>>> print(open('upload09.pdb').read())   # PDB, C-alpha atoms, pLDDT in the B column
ATOM      1  CA  MET A   1      -5.862 -22.196  35.500  1.00 62.00           C
ATOM      2  CA  VAL A   2      -9.450 -21.505  34.444  1.00 66.00           C
ATOM      3  CA  LYS A   3      -8.671 -17.757  34.371  1.00 72.00           C
ATOM      4  CA  ALA A   4      -5.684 -18.335  32.056  1.00 64.00           C
ATOM      5  CA  ILE A   5      -7.781 -20.463  29.678  1.00 72.00           C
ATOM      6  CA  ALA A   6     -10.561 -17.848  29.698  1.00 66.00           C
ATOM      7  CA  LYS A   7      -8.066 -15.072  28.919  1.00 71.00           C
ATOM      8  CA  ALA A   8      -6.509 -17.135  26.136  1.00 65.00           C
ATOM      9  CA  GLY A   9      -9.979 -17.819  24.714  1.00 68.00           C
ATOM     10  CA  LEU A  10     -10.887 -14.129  24.874  1.00 67.00           C
ATOM     11  CA  ALA A  11      -7.619 -13.131  23.168  1.00 64.00           C
ATOM     12  CA  THR A  12      -8.207 -15.723  20.429  1.00 69.00           C
ATOM     13  CA  ALA A  13     -11.766 -14.463  19.909  1.00 65.00           C
ATOM     14  CA  CYS A  14     -10.476 -10.872  19.621  1.00 60.00           C
ATOM     15  CA  LEU A  15      -7.851 -11.906  17.083  1.00 58.00           C
ATOM     16  CA  PHE A  16     -10.462 -13.819  15.099  1.00 63.00           C
ATOM     17  CA  MET A  17     -12.764 -10.775  15.017  1.00 59.00           C
ATOM     18  CA  LEU A  18      -9.845  -8.585  13.948  1.00 58.00           C
ATOM     19  CA  ALA A  19      -9.025 -11.021  11.137  1.00 56.00           C
ATOM     20  CA  VAL A  20     -12.632 -11.039   9.942  1.00 58.00           C
ATOM     21  CA  PHE A  21     -13.234  -7.280   9.976  1.00 58.00           C
ATOM     22  CA  VAL A  22      -9.887  -5.881   8.755  1.00 55.00           C
ATOM     23  CA  PRO A  23     -10.169  -5.172   5.011  1.00 52.00           C
ATOM     24  CA  GLN A  24      -7.875  -7.098   2.730  1.00 51.00           C
ATOM     25  CA  ALA A  25      -5.279  -5.247   0.705  1.00 49.00           C
ATOM     26  CA  HIS A  26      -6.016  -5.101  -3.010  1.00 50.00           C
ATOM     27  CA  ALA A  27      -2.991  -3.467  -4.562  1.00 60.00           C
ATOM     28  CA  GLY A  28      -2.996  -2.838  -8.280  1.00 70.00           C
ATOM     29  CA  SER A  29      -1.058  -0.961 -10.896  1.00 76.00           C
ATOM     30  CA  ILE A  30      -1.451   0.336 -14.433  1.00 81.00           C
ATOM     31  CA  ASP A  31       1.278   0.903 -17.017  1.00 81.00           C
ATOM     32  CA  PHE A  32       1.012   3.455 -19.821  1.00 83.00           C
ATOM     33  CA  ALA A  33       3.541   3.708 -22.653  1.00 84.00           C
ATOM     34  CA  CYS A  34       4.156   4.739 -26.232  1.00 84.00           C
ATOM     35  CA  GLY A  35       7.197   4.496 -28.457  1.00 77.00           C
ATOM     36  CA  ALA A  36      10.027   2.166 -27.423  1.00 64.00           C
ATOM     37  CA  PRO A  37       9.517  -0.329 -25.803  1.00 58.00           C
ATOM     38  CA  ALA A  38       5.746  -0.059 -26.498  1.00 61.00           C
ATOM     39  CA  THR A  39       4.501  -1.281 -29.870  1.00 66.00           C
ATOM     40  CA  ASN A  40       2.633   1.901 -30.807  1.00 71.00           C
ATOM     41  CA  LEU A  41       4.026   5.212 -31.982  1.00 72.00           C
ATOM     42  CA  CYS A  42       3.563   8.303 -29.876  1.00 82.00           C
ATOM     43  CA  THR A  43       1.353  11.040 -31.225  1.00 85.00           C
ATOM     44  CA  GLY A  44       1.095  14.614 -30.048  1.00 88.00           C
ATOM     45  CA  THR A  45       3.432  17.473 -29.359  1.00 88.00           C
ATOM     46  CA  VAL A  46       4.992  19.106 -26.323  1.00 89.00           C
ATOM     47  CA  SER A  47       5.625  22.849 -26.267  1.00 89.00           C
ATOM     48  CA  GLY A  48       7.715  24.872 -23.840  1.00 89.00           C
ATOM     49  CA  THR A  49       6.112  28.003 -22.400  1.00 89.00           C
ATOM     50  CA  GLY A  50       9.128  29.299 -20.446  1.00 89.00           C
ATOM     51  CA  GLY A  51      11.131  28.016 -17.502  1.00 90.00           C
ATOM     52  CA  LEU A  52       9.717  24.617 -16.574  1.00 92.00           C
ATOM     53  CA  GLY A  53       6.389  25.442 -18.206  1.00 93.00           C
ATOM     54  CA  PHE A  54       5.132  22.893 -20.737  1.00 92.00           C
ATOM     55  CA  THR A  55       1.878  22.047 -22.465  1.00 92.00           C
ATOM     56  CA  THR A  56       0.856  19.249 -24.815  1.00 91.00           C
ATOM     57  CA  SER A  57      -1.609  18.769 -27.635  1.00 88.00           C
ATOM     58  CA  GLY A  58      -2.308  15.292 -26.247  1.00 89.00           C
ATOM     59  CA  ILE A  59       0.020  12.292 -26.376  1.00 89.00           C
ATOM     60  CA  GLY A  60      -1.467   8.990 -27.585  1.00 88.00           C
ATOM     61  CA  MET A  61      -0.532   5.960 -25.474  1.00 86.00           C
ATOM     62  CA  GLN A  62      -1.398   2.315 -24.800  1.00 85.00           C
ATOM     63  CA  SER A  63      -2.169   0.858 -21.391  1.00 83.00           C
ATOM     64  CA  SER A  64      -1.940  -2.481 -19.616  1.00 75.00           C
ATOM     65  CA  PHE A  65      -5.324  -1.548 -18.147  1.00 74.00           C
ATOM     66  CA  ASP A  66      -7.467  -1.653 -21.274  1.00 68.00           C
ATOM     67  CA  GLY A  67      -5.541  -3.695 -23.847  1.00 66.00           C
ATOM     68  CA  THR A  68      -4.816  -1.912 -27.083  1.00 66.00           C
ATOM     69  CA  GLU A  69      -7.275   0.928 -26.533  1.00 73.00           C
ATOM     70  CA  ALA A  70      -5.711   4.333 -27.051  1.00 82.00           C
ATOM     71  CA  PHE A  71      -5.403   6.774 -24.164  1.00 89.00           C
ATOM     72  CA  THR A  72      -4.611  10.461 -24.511  1.00 90.00           C
ATOM     73  CA  THR A  73      -2.362  12.216 -22.022  1.00 91.00           C
ATOM     74  CA  THR A  74      -2.573  15.974 -21.637  1.00 93.00           C
ATOM     75  CA  PHE A  75      -0.547  18.023 -19.188  1.00 93.00           C
ATOM     76  CA  THR A  76       0.308  21.605 -18.492  1.00 94.00           C
ATOM     77  CA  THR A  77       2.875  23.077 -16.111  1.00 94.00           C
ATOM     78  CA  ASN A  78       3.715  26.636 -15.147  1.00 95.00           C
ATOM     79  CA  SER A  79       7.206  28.179 -15.190  1.00 94.00           C
ATOM     80  CA  THR A  80       8.010  26.627 -11.787  1.00 94.00           C
ATOM     81  CA  GLY A  81       7.125  23.111 -13.013  1.00 93.00           C
ATOM     82  CA  MET A  82       3.839  22.691 -11.169  1.00 95.00           C
ATOM     83  CA  GLY A  83       0.603  21.834 -12.961  1.00 95.00           C
ATOM     84  CA  SER A  84      -1.870  19.092 -13.818  1.00 95.00           C
ATOM     85  CA  ILE A  85      -2.083  15.925 -15.915  1.00 93.00           C
ATOM     86  CA  THR A  86      -5.018  13.883 -17.249  1.00 94.00           C
ATOM     87  CA  ILE A  87      -4.977  10.481 -18.924  1.00 91.00           C
ATOM     88  CA  SER A  88      -8.258   9.453 -20.595  1.00 92.00           C
ATOM     89  CA  ASP A  89      -9.769   7.301 -23.324  1.00 90.00           C
ATOM     90  CA  THR A  90     -12.963   7.517 -25.382  1.00 87.00           C
ATOM     91  CA  ASP A  91     -14.866   5.151 -23.016  1.00 87.00           C
ATOM     92  CA  GLY A  92     -14.655   7.575 -20.089  1.00 89.00           C
ATOM     93  CA  ASP A  93     -11.772   5.837 -18.297  1.00 90.00           C
ATOM     94  CA  SER A  94      -9.531   8.508 -16.819  1.00 90.00           C
ATOM     95  CA  ILE A  95      -7.140   9.468 -14.057  1.00 90.00           C
ATOM     96  CA  THR A  96      -6.156  13.017 -13.113  1.00 90.00           C
ATOM     97  CA  GLY A  97      -3.278  14.244 -11.023  1.00 89.00           C
ATOM     98  CA  THR A  98      -1.316  17.213  -9.775  1.00 91.00           C
ATOM     99  CA  ILE A  99       2.253  17.701 -10.968  1.00 91.00           C
ATOM    100  CA  SER A 100       4.309  18.776  -7.967  1.00 89.00           C
ATOM    101  CA  ALA A 101       7.737  18.939  -9.636  1.00 89.00           C
ATOM    102  CA  THR A 102       9.194  18.927 -13.139  1.00 90.00           C
ATOM    103  CA  SER A 103      12.743  18.310 -14.266  1.00 88.00           C
ATOM    104  CA  GLU A 104      14.161  18.672 -17.735  1.00 88.00           C
ATOM    105  CA  SER A 105      17.270  17.156 -19.270  1.00 87.00           C
ATOM    106  CA  SER A 106      18.634  17.312 -22.810  1.00 84.00           C
ATOM    107  CA  PHE A 107      20.918  15.097 -24.827  1.00 80.00           C
ATOM    108  CA  GLY A 108      21.594  16.118 -28.409  1.00 77.00           C
ATOM    109  CA  GLY A 109      18.253  17.115 -29.929  1.00 74.00           C
ATOM    110  CA  ASP A 110      16.266  14.956 -27.510  1.00 81.00           C
ATOM    111  CA  GLU A 111      14.711  16.245 -24.332  1.00 86.00           C
ATOM    112  CA  THR A 112      13.413  14.277 -21.339  1.00 87.00           C
ATOM    113  CA  LEU A 113      10.721  15.697 -19.063  1.00 88.00           C
ATOM    114  CA  THR A 114      10.211  14.013 -15.709  1.00 87.00           C
ATOM    115  CA  PHE A 115       7.131  14.780 -13.634  1.00 88.00           C
ATOM    116  CA  ASN A 116       6.359  13.873 -10.031  1.00 86.00           C
ATOM    117  CA  VAL A 117       2.600  13.340  -9.977  1.00 86.00           C
ATOM    118  CA  THR A 118       0.168  12.864  -7.116  1.00 84.00           C
ATOM    119  CA  TRP A 119      -2.991  11.248  -8.494  1.00 83.00           C
ATOM    120  CA  THR A 120      -6.169  12.875  -7.227  1.00 85.00           C
ATOM    121  CA  THR A 121      -9.183  11.437  -9.100  1.00 86.00           C
ATOM    122  CA  ALA A 122      -9.899   8.309 -11.112  1.00 86.00           C
ATOM    123  CA  SER A 123     -12.900   6.899 -12.951  1.00 88.00           C
ATOM    124  CA  SER A 124     -14.529   3.816 -11.433  1.00 86.00           C
ATOM    125  CA  ASN A 125     -12.901   1.394 -13.934  1.00 85.00           C
ATOM    126  CA  VAL A 126      -9.424   2.813 -13.327  1.00 83.00           C
ATOM    127  CA  GLU A 127     -10.070   2.770  -9.595  1.00 82.00           C
ATOM    128  CA  ALA A 128     -11.083  -0.916  -9.830  1.00 81.00           C
ATOM    129  CA  ALA A 129      -7.914  -1.709 -11.815  1.00 80.00           C
ATOM    130  CA  LEU A 130      -5.921  -0.103  -9.014  1.00 77.00           C
ATOM    131  CA  GLY A 131      -7.485  -2.515  -6.527  1.00 74.00           C
ATOM    132  CA  GLY A 132     -10.535  -0.507  -5.528  1.00 67.00           C
ATOM    133  CA  THR A 133      -8.621   2.532  -4.363  1.00 60.00           C
ATOM    134  CA  MET A 134      -8.165   5.801  -6.129  1.00 56.00           C
ATOM    135  CA  GLY A 135      -4.631   6.139  -7.437  1.00 46.00           C
ATOM    136  CA  SER A 136      -3.433   8.938  -5.228  1.00 47.00           C
ATOM    137  CA  GLY A 137       0.039   7.509  -4.831  1.00 55.00           C
ATOM    138  CA  GLN A 138       2.943   9.424  -6.300  1.00 62.00           C
ATOM    139  CA  SER A 139       4.351   8.448  -9.702  1.00 73.00           C
ATOM    140  CA  THR A 140       7.341   9.571 -11.717  1.00 72.00           C
ATOM    141  CA  ILE A 141       6.594   9.959 -15.430  1.00 80.00           C
ATOM    142  CA  HIS A 142       9.135  10.309 -18.253  1.00 81.00           C
ATOM    143  CA  PHE A 143       8.339  11.999 -21.585  1.00 84.00           C
ATOM    144  CA  MET A 144      11.022  12.000 -24.290  1.00 85.00           C
ATOM    145  CA  THR A 145      10.605  14.568 -27.049  1.00 86.00           C
ATOM    146  CA  SER A 146      12.497  15.491 -30.188  1.00 83.00           C
ATOM    147  CA  ASN A 147      11.829  18.855 -31.851  1.00 82.00           C
ATOM    148  CA  GLY A 148       8.569  19.138 -29.884  1.00 84.00           C
ATOM    149  CA  ALA A 149       7.207  15.746 -30.988  1.00 86.00           C
ATOM    150  CA  ALA A 150       6.692  13.013 -28.396  1.00 85.00           C
ATOM    151  CA  ASP A 151       9.125  10.107 -28.991  1.00 84.00           C
ATOM    152  CA  SER A 152       8.364   7.849 -26.041  1.00 85.00           C
ATOM    153  CA  THR A 153       6.573   7.881 -22.728  1.00 84.00           C
ATOM    154  CA  ASP A 154       6.679   5.536 -19.787  1.00 82.00           C
ATOM    155  CA  MET A 155       4.574   5.720 -16.636  1.00 80.00           C
ATOM    156  CA  HIS A 156       3.560   3.302 -13.908  1.00 77.00           C
ATOM    157  CA  ILE A 157       0.672   4.079 -11.560  1.00 80.00           C
ATOM    158  CA  ASN A 158       0.357   2.157  -8.296  1.00 72.00           C
ATOM    159  CA  SER A 159      -2.629   1.949  -5.997  1.00 65.00           C
ATOM    160  CA  ALA A 160      -2.858   4.642  -3.379  1.00 53.00           C
ATOM    161  CA  THR A 161      -3.029   2.521  -0.289  1.00 50.00           C
ATOM    162  CA  SER A 162      -0.077   1.654   1.790  1.00 48.00           C
ATOM    163  CA  PRO A 163       0.095  -2.115   2.150  1.00 50.00           C
ATOM    164  CA  THR A 164      -2.538  -3.366   4.589  1.00 53.00           C
ATOM    165  CA  PRO A 165      -1.687  -6.574   6.410  1.00 56.00           C
ATOM    166  CA  GLU A 166      -3.878  -9.473   5.324  1.00 60.00           C
ATOM    167  CA  PRO A 167      -6.210 -10.807   8.046  1.00 63.00           C
ATOM    168  CA  SER A 168      -4.498 -14.199   8.015  1.00 66.00           C
ATOM    169  CA  THR A 169      -1.155 -12.480   8.645  1.00 68.00           C
ATOM    170  CA  LEU A 170      -2.624 -10.592  11.591  1.00 66.00           C
ATOM    171  CA  LEU A 171      -4.134 -13.808  12.949  1.00 68.00           C
ATOM    172  CA  LEU A 172      -0.816 -15.656  12.633  1.00 70.00           C
ATOM    173  CA  LEU A 173       1.070 -12.798  14.317  1.00 71.00           C
ATOM    174  CA  GLY A 174      -1.472 -12.566  17.128  1.00 72.00           C
ATOM    175  CA  THR A 175      -1.463 -16.308  17.729  1.00 76.00           C
ATOM    176  CA  GLY A 176       2.331 -16.308  17.872  1.00 73.00           C
ATOM    177  CA  LEU A 177       2.359 -13.443  20.374  1.00 73.00           C
ATOM    178  CA  LEU A 178      -0.285 -15.212  22.446  1.00 74.00           C
ATOM    179  CA  GLY A 179       1.816 -18.376  22.449  1.00 77.00           C
ATOM    180  CA  VAL A 180       4.942 -16.503  23.506  1.00 72.00           C
ATOM    181  CA  GLY A 181       3.005 -14.759  26.285  1.00 75.00           C
ATOM    182  CA  LEU A 182       1.621 -18.050  27.565  1.00 74.00           C
ATOM    183  CA  ALA A 183       5.076 -19.653  27.439  1.00 72.00           C
ATOM    184  CA  PHE A 184       6.613 -16.837  29.492  1.00 70.00           C
ATOM    185  CA  ARG A 185       3.727 -16.995  31.968  1.00 73.00           C
ATOM    186  CA  ARG A 186       4.136 -20.758  32.291  1.00 72.00           C
ATOM    187  CA  TYR A 187       7.860 -20.549  33.022  1.00 70.00           C
ATOM    188  CA  ALA A 188       7.467 -17.543  35.331  1.00 67.00           C
ATOM    189  CA  CYS A 189       5.072 -19.374  37.688  1.00 60.00           C
TER
END
>>> encode(input="upload09.pdb", output="structure tokens")
Amino acid sequence: MVKAIAKAGLATACLFMLAVFVPQAHAGSIDFACGAPATNLCTGTVSGTGGLGFTTSGIGMQSSFDGTEAFTTTFTTNSTGMGSITISDTDGDSITGTISATSESSFGGDETLTFNVTWTTASSNVEAALGGTMGSGQSTIHFMTSNGAADSTDMHINSATSPTPEPSTLLLLGTGLLGVGLAFRRYAC
């Protein structure tokens, strides 16, 4: 009986240490938008360079990250739709990513560009807004243009980390498994 209590105590101590030293998840996200439904008008132009190649003069946007401060989005893709994108403001807040795929659709005179982006670097303030992790998760971004002018843009950037279980969740799970193990041991004897 003493051995069983000692093992249970050791298991509880291990679970407690795990709960203390496992980092907590700090997920975050940032929204960027211009045009409808955002309250500001888009600025900037988008030009086609052939195939799925596009470049921009810089599209002005607002962000949930920094209130009403203006951010500028610049991107460039090659004819296969691969390229890079940077979103920055005048304070030095920025996030940069790699465009891995581009799709284009048209309706009337309007054109929609959709980019799959893997975020690679972020400034410290943007990283903090994303929960302390660089935003290297993948995002899908939509740019609507009309005659080369940006009409609206919508993008949502999530934190890079996959969800990490909270220490209290791990402790609760471990305690439950310990209880089930002790119950089976009790009935087996």
>>> closest_residue(input="upload09.pdb", among="A:Ser84, A:Ser64, A:Ser106, A:Asn147", to="Thr121 (chain A)", atoms="all atoms listed in the file")
A:Ser84
>>> residues_around(input="upload09.pdb", residues="region 95-100 of chain A", least_positions_apart="4", cutoff="8 Å", atoms="all atoms listed in the file", output="JSON, numbers by chain")
{"A": [77, 81, 82, 83, 84, 85, 86, 87, 88, 115, 116, 117, 118, 119, 120, 121, 122, 123, 126, 135, 136]}
>>> resolve_selection(input="upload09.pdb", expression="the PyMOL selection byres ((chain A and resi 54) around 12)", output="JSON, numbers by chain")
{"A": [45, 46, 47, 48, 49, 50, 51, 52, 53, 55, 56, 57, 58, 74, 75, 76, 77, 78, 79, 80, 81, 82, 83, 84, 85, 99, 102, 103, 104, 112, 113, 114, 115, 143, 145, 148]}
>>> atom_distance(input="upload09.pdb", atom1="CA of Ala149 (chain A)", atom2="CA of Asp31 (chain A)")
21.2 Å
>>> atom_distance(input="upload09.pdb", atom1="CA of Asp110 (chain A)", atom2="CA of Cys42 (chain A)")
14.5 Å
>>> axis_aligned_box(input="upload09.pdb", around="region 41-51 of chain A", padding_each_side="6 Å", output="AutoDock Vina command-line options")
--center_x 6.1 --center_y 17.3 --center_z -24.7 --size_x 22.0 --size_y 36.1 --size_z 26.5
>>> atom_distance(input="upload09.pdb", atom1="CA of Ala33 (chain A)", atom2="CA of Met155 (chain A)")
6.4 Å
>>> resolve_selection(input="upload09.pdb", expression="the PyMOL selection byres ((chain A and resi 129) around 8)", output="JSON, numbers by chain")
{"A": [28, 29, 30, 65, 125, 126, 127, 128, 130, 131, 132]}
>>> closest_residue(input="upload09.pdb", among="A:Ile157, A:Ala101, A:Leu173, A:Met144", to="Thr43 (chain A)", atoms="all atoms listed in the file")
A:Met144
>>> closest_residue(input="upload09.pdb", among="A:Gln62, A:Lys7, A:Gly176, A:Ser105", to="His142 (chain A)", atoms="only C-alpha atoms")
A:Ser105
>>> build_atoms(input="upload09.pdb", residues="region 95-108 of chain A", atoms="N, CA and C atoms", output="PDB file, keeping the file's coordinate frame")
ATOM      1  N   ILE A  95      -7.786   9.194 -15.341  1.00 90.00           N
ATOM      2  CA  ILE A  95      -7.140   9.468 -14.057  1.00 90.00           C
ATOM      3  C   ILE A  95      -6.498  10.849 -14.166  1.00 90.00           C
ATOM      4  N   THR A  96      -6.637  11.642 -13.122  1.00 90.00           N
ATOM      5  CA  THR A  96      -6.156  13.017 -13.113  1.00 90.00           C
ATOM      6  C   THR A  96      -5.240  13.218 -11.919  1.00 90.00           C
ATOM      7  N   GLY A  97      -4.202  14.012 -12.115  1.00 89.00           N
ATOM      8  CA  GLY A  97      -3.278  14.244 -11.023  1.00 89.00           C
ATOM      9  C   GLY A  97      -2.710  15.646 -11.024  1.00 89.00           C
ATOM     10  N   THR A  98      -1.984  15.933  -9.953  1.00 91.00           N
ATOM     11  CA  THR A  98      -1.316  17.213  -9.775  1.00 91.00           C
ATOM     12  C   THR A  98       0.185  17.000  -9.924  1.00 91.00           C
ATOM     13  N   ILE A  99       0.803  17.768 -10.777  1.00 91.00           N
ATOM     14  CA  ILE A  99       2.253  17.701 -10.968  1.00 91.00           C
ATOM     15  C   ILE A  99       2.895  18.606  -9.920  1.00 91.00           C
ATOM     16  N   SER A 100       3.694  18.002  -9.048  1.00 89.00           N
ATOM     17  CA  SER A 100       4.309  18.776  -7.967  1.00 89.00           C
ATOM     18  C   SER A 100       5.731  19.213  -8.290  1.00 89.00           C
ATOM     19  N   ALA A 101       6.367  18.571  -9.261  1.00 89.00           N
ATOM     20  CA  ALA A 101       7.737  18.939  -9.636  1.00 89.00           C
ATOM     21  C   ALA A 101       8.010  18.480 -11.064  1.00 89.00           C
ATOM     22  N   THR A 102       8.800  19.249 -11.767  1.00 90.00           N
ATOM     23  CA  THR A 102       9.194  18.927 -13.139  1.00 90.00           C
ATOM     24  C   THR A 102      10.692  19.093 -13.255  1.00 90.00           C
ATOM     25  N   SER A 103      11.324  18.138 -13.935  1.00 88.00           N
ATOM     26  CA  SER A 103      12.743  18.310 -14.266  1.00 88.00           C
ATOM     27  C   SER A 103      12.909  18.079 -15.761  1.00 88.00           C
ATOM     28  N   GLU A 104      13.927  18.718 -16.302  1.00 88.00           N
ATOM     29  CA  GLU A 104      14.161  18.672 -17.735  1.00 88.00           C
ATOM     30  C   GLU A 104      15.640  18.365 -17.979  1.00 88.00           C
ATOM     31  N   SER A 105      15.883  17.432 -18.890  1.00 87.00           N
ATOM     32  CA  SER A 105      17.270  17.156 -19.270  1.00 87.00           C
ATOM     33  C   SER A 105      17.334  17.003 -20.788  1.00 87.00           C
ATOM     34  N   SER A 106      18.470  17.372 -21.359  1.00 84.00           N
ATOM     35  CA  SER A 106      18.634  17.312 -22.810  1.00 84.00           C
ATOM     36  C   SER A 106      19.870  16.509 -23.162  1.00 84.00           C
ATOM     37  N   PHE A 107      19.776  15.807 -24.281  1.00 80.00           N
ATOM     38  CA  PHE A 107      20.918  15.097 -24.827  1.00 80.00           C
ATOM     39  C   PHE A 107      20.799  15.170 -26.330  1.00 80.00           C
ATOM     40  N   GLY A 108      21.709  15.901 -26.971  1.00 77.00           N
ATOM     41  CA  GLY A 108      21.594  16.118 -28.409  1.00 77.00           C
ATOM     42  C   GLY A 108      20.336  16.916 -28.695  1.00 77.00           C
TER      43      GLY A 108
END
